[in-house]
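See structure below.
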Amino acid sequence: MAIELLLTLLAIFLLLALSAFFSGSETALTTASRARMHALESEGNVRAQMINQMLAAPERIIGTVLLSNNLVNILASALATSLLINLFGEVGVAYATLAITLLVVIFSEVLPKTYALVYADRISLAVAPIMKFLIVALWPFTRAVELVVSAILSLTPTREDDDANILSAHQEIRGTIQLQTKGGAVAKGDAHMLGGILDLSSLQVADIMIHRTKMEMVNADDPPEKIVEEVVKAQYSRVPIWKDEPENIVGILHTKDLLTALSEVDWDVTKLNLLSFASQPWFVPDTTTLKEQLNQFLKQKLQMSLVVDEYGEVQGLITLEDILEEIVGQIVDEHDAPEMGIRPQADDTVNVDGSVPIRDLNRFMDWDLPDDEATTVAGLVIHEAQTIPEPGQVFTFYGYRFEILRKNRNRIAALRVKPLESDAGAVGGAEASVEPPAAR
């Protein structure tokens, strides 16, 4: 009797250990770093290759674990119930239920899964051969279960758009970056760069282009001396050339080509024919995504293109540097003029030029102003106010206070922005109030 009791107890503990193994293996395999496993596989690690093969069909891992776990747990429960009934009679059923529940939850679920979460890569590599064998050995049984489940689900209403409930790869990566940034594992600057790469496919060239009102151009009909003087004063190495009207761009003048042409005419500016060595302008639609434009820049081996709307009218220009700045932030060289478009003040307010892009302000101040309906800060205020405001007017929306400082004709030149301490004003519509000039 004592030997049978001892063997039964050993069998129960062995089954609980198997349950812990299956639970920990499932957690380790499903949470293991796929990037690390791919790196190990490329180095010739056979176990990492097994893990990648298993992760290619995760439903097989889950099916094998569920089948094995339920088998050993039910068998352990049956043995414990039989043993305790023999020892305590009918009340042994209650004892067995309580004992097995506690043992399974603590030692076969929580403990192994917690350990597997901490050492996911190490454990997954250790259990890979065993799990690979079990998946192959139990495949007929798991396949039969899948067929039964599929048959039952076919009788229920289907969901036409299940993909809508699954995070896309970009969203999953973005969520991981935000989580690691909050945890301190990723620096905020690195998070901005990684986020900028993900945004390339959602942003259009119109969102970051240099507007035509800020483009530096030269007139092809001007005397060569004047054109050379303007090019020398410009802070850019490529300057668009227009003829008859500013919207009619006929070429792109590169300073290197200009120097080459000057050397060929013995530096006699009057002999220059600019259009003879200017490159052809490249026009792109304003709806082109930054990712597409970046690929085209690399393919065409060009660094500037002119942006046109649906009517073919020039709206601005975009350069390769503009796209790179969306990833790495502002790039300033020794010839760039310093820009003071964002000026933080001592009273926690920020003076902002109206032409500053919302994305630049958000990145500089770590704010979250929406940029879906407008590109610039002035555009956001006009969109929310549904009017062109006057200096002195104050608007509150999205949790921020906007005060109009200066206006140039119909354009907002400067604003003062301050985040509100409470979220009372964080609404989609704008609530406007006017302060008299003396009160400002």
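Going by the structure tokens order, chains are called A, B, ..., each with residues numbered from 1, while ligands are numbered from 1 in the order shown.
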Taking only segment 301-414 of chain A into account, list the residues labelled strand (DSSP E) by DSSP (computed from the backbone), as a PyMOL selection string. chain A and resi 304-308+314-319+342-344+350-353+393-397+400-408+411-414
Write down as a ChimeraX atom specification the residues of segment 46-234 of chain A whose backbone DSSP state falls under alpha helix (DSSP H). /A:46-55,58-88,92-103,111-118,120-137,139-153,169-182,188-199,205-208,224-233
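For the residues A:Ala234, A:Ile197, A:Val284, A:Ile135, ranking by smallest atom-to-atom distance to Val307 of chain A using only C-alpha atoms places A:Val284 first.
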Pick from A:Leu84, A:Leu290, A:Ala39, A:Val228 nearest to Leu200 of chain A, counting only C-alpha atoms: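 With only C-alpha atoms as the atom set, the closest residue is A:Leu290.
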Just how far from atom CA of Ala120 of chain A is atom CA of Lys188 of chain A, in Å to one decimal? 26.6 Å
